[in-house]
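Right, one structure below, let's go through it.
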Amino acid sequence: MGSGDKFSDAQTGLTYSIYKPANTLGLKLSDFQLIPCTPGNEEWLYAKYGRGKKYVEIMETIAGVKCSDPGLSKVMKPVMINGVGAKVYVYCDPAYSKLYRLCNINNFGKHGGYLMFTTKSTKLLKGTGIQVQGMGGITYEEALAVAKSLKVVGK
């Protein structure tokens, strides 16, 4: 038995806050999983919007626990998302030194990238580590819009 909402159903078994995007750029939910993390840690949430080359992924874990590895990227200027500082990364491979040096936020749509931030704990639930990743033409501005639209389920 469930509510019919995968995010709300996931919240019932976890001790950290689950966030659901209000803005998915018109992309439909194509994958949703709770994935085992390292032994002794809670499962992490994976949601994918879109199919093929163009998609947005949202990954959520209990704050301070790393359950996935996003890959080689270059750090950009941080940004604020709903009052929380977020790190911004663009997928640029340091093995290609000239391209890596020239890599900037405008390469987000071409190469893909992600935003990472951690929400604060509440009285009832622990904080959440969130990664919003855009691939296949998702621009920085679009990924940021998805990240800013995240709302705690049940509120």
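Ordering of the structure tokens sets the chain letters (A, B, ...), residue numbers begin anew at 1 in every chain, and ligands are numbered from 1 in the order given.
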So which residues touch Phe117 (chain A) within 12 Å, counting only C-alpha atoms, skipping near sequence neighbours fewer than 4 positions away, as a PyMOL selection string? chain A and resi 58-64+78-89+127-133+144+147-148+150
Once you have the residues from the selection above, write them out as a PDB file, in the first residue's frame, restricted to C-alpha atoms.
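result-v2.pdb written:
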```pdb
ATOM      1  CA  ILE A  58      18.151  13.996  -8.419  1.00  0.00           C
ATOM      2  CA  MET A  59      20.088  12.077  -5.791  1.00  0.00           C
ATOM      3  CA  GLU A  60      19.381  12.401  -2.082  1.00  0.00           C
ATOM      4  CA  THR A  61      21.243  10.895   0.887  1.00  0.00           C
ATOM      5  CA  ILE A  62      21.402  11.417   4.592  1.00  0.00           C
ATOM      6  CA  ALA A  63      23.593  14.499   5.200  1.00  0.00           C
ATOM      7  CA  GLY A  64      27.298  13.747   5.442  1.00  0.00           C
ATOM      8  CA  PRO A  78      28.993  28.562  -5.634  1.00  0.00           C
ATOM      9  CA  VAL A  79      25.347  29.607  -5.595  1.00  0.00           C
ATOM     10  CA  MET A  80      22.558  29.925  -3.009  1.00  0.00           C
ATOM     11  CA  ILE A  81      19.612  27.544  -3.297  1.00  0.00           C
ATOM     12  CA  ASN A  82      16.698  28.280  -0.990  1.00  0.00           C
ATOM     13  CA  GLY A  83      18.996  29.844   1.604  1.00  0.00           C
ATOM     14  CA  VAL A  84      21.608  27.068   1.467  1.00  0.00           C
ATOM     15  CA  GLY A  85      25.035  27.351  -0.147  1.00  0.00           C
ATOM     16  CA  ALA A  86      25.521  24.974  -3.083  1.00  0.00           C
ATOM     17  CA  LYS A  87      28.625  23.863  -4.940  1.00  0.00           C
ATOM     18  CA  VAL A  88      28.435  23.931  -8.735  1.00  0.00           C
ATOM     19  CA  TYR A  89      30.375  21.562 -10.996  1.00  0.00           C
ATOM     20  CA  GLY A 127      19.473  16.868   6.968  1.00  0.00           C
ATOM     21  CA  THR A 128      19.727  15.785   3.347  1.00  0.00           C
ATOM     22  CA  GLY A 129      22.623  15.798   0.917  1.00  0.00           C
ATOM     23  CA  ILE A 130      21.203  16.647  -2.509  1.00  0.00           C
ATOM     24  CA  GLN A 131      22.726  16.438  -5.980  1.00  0.00           C
ATOM     25  CA  VAL A 132      20.849  17.787  -9.013  1.00  0.00           C
ATOM     26  CA  GLN A 133      22.518  16.747 -12.251  1.00  0.00           C
ATOM     27  CA  LEU A 144      19.262  25.603 -10.902  1.00  0.00           C
ATOM     28  CA  ALA A 147      17.082  22.579  -7.567  1.00  0.00           C
ATOM     29  CA  LYS A 148      15.268  25.711  -6.363  1.00  0.00           C
ATOM     30  CA  LEU A 150      12.686  21.142  -4.475  1.00  0.00           C
TER      31      LEU A 150
END
```
Residue neighbourhood region 18-23 of chain A, 7 Å, only C-alpha atoms, exclusion window fewer than 6 positions, as a list in words: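 Close residues of region 18-23 of chain A: Phe7, Gln11, Val146, Ser149, Leu150, Lys151, Val152 and Val153 of chain A.
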Atom pair CA of Gly52 (chain A) + CA of Asn107 (chain A), distance 19.6 Å
Looking at A:Tyr55, A:Pro94, A:Ile35, A:Gly50, which one is nearest to Ser68 (chain A), with distances taken over only C-alpha atoms?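 Ranking A:Tyr55, A:Pro94, A:Ile35, A:Gly50 by distance to Ser68 (chain A), first place goes to A:Ile35.
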Given only C-alpha atoms as the counted atoms, nearest of A:Cys67, A:Ala10, A:Leu34, A:Leu115 to Ala145 (chain A): A:Leu115
To test your reading of the structure, identify every residue in region 34-109 of chain A that backbone DSSP assigns to strand (DSSP E), and report it as a ChimeraX atom specification. /A:34-35,44-49,55-62,74-75,79-81,84-90
Can you tell me which residues surround Arg101 (chain A) at a distance of at most 12 Å, considering only C-alpha atoms, apart from same-chain residues fewer than 3 positions away, and format the answer as an MDAnalysis selection string? chainID A and resid 73:76 90 92:98 104 107
All helix (DSSP H, G or I) positions in chain A, as a VMD selection string: chain A and resid 6 to 11 97 to 102 105 to 111 140 to 148
Considering only C-alpha atoms, can you say which of A:Ala143, A:Pro36, A:Gly154, A:Leu29 comes closest to Lys66 (chain A)?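 Answer, going by the shortest atom-to-atom distance: A:Pro36.
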Within 8 Å of Met135 (chain A), counting only C-alpha atoms, which residues show up once you throw out same-chain ones fewer than 4 positions away? Write them as a list of chain:residue names, please. A:Lys53, A:Lys54, A:Tyr55, A:Val56, A:Gly109, A:Lys110, A:His111, A:Gly112, A:Gly113
Leaving out Gln33 (chain A) and any residue of its chain fewer than 4 positions from it, which residues lie within 8 Å of it when counting only C-alpha atoms, given as a CSV table (one decimal) with N, CA and C atoms, in the first residue's frame?
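Output file result_24.csv follows:
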```csv
chain,number,residue,atom,x,y,z
A,45,LEU,N,18.1,8.0,-2.4
A,45,LEU,CA,17.1,8.1,-3.4
A,45,LEU,C,17.7,8.6,-4.7
A,46,TYR,N,17.2,7.9,-5.8
A,46,TYR,CA,17.6,8.3,-7.1
A,46,TYR,C,16.4,8.5,-8.0
A,47,ALA,N,16.2,9.7,-8.6
A,47,ALA,CA,15.1,10.0,-9.5
A,47,ALA,C,15.6,10.6,-10.7
```
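Residue nearest Gly134 (chain A), chosen from A:Leu14, A:Met116, A:Cys103, A:Cys37 and counting only C-alpha atoms: A:Met116.
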For Thr122 (chain A), work out the shell of residues within 9 Å, counting only C-alpha atoms and skipping chain neighbours fewer than 3 positions away, then give it as a list in words.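 Counting only the stated atoms, we get Tyr16, Ser17, Leu125, Lys126 and Gly127 of chain A.
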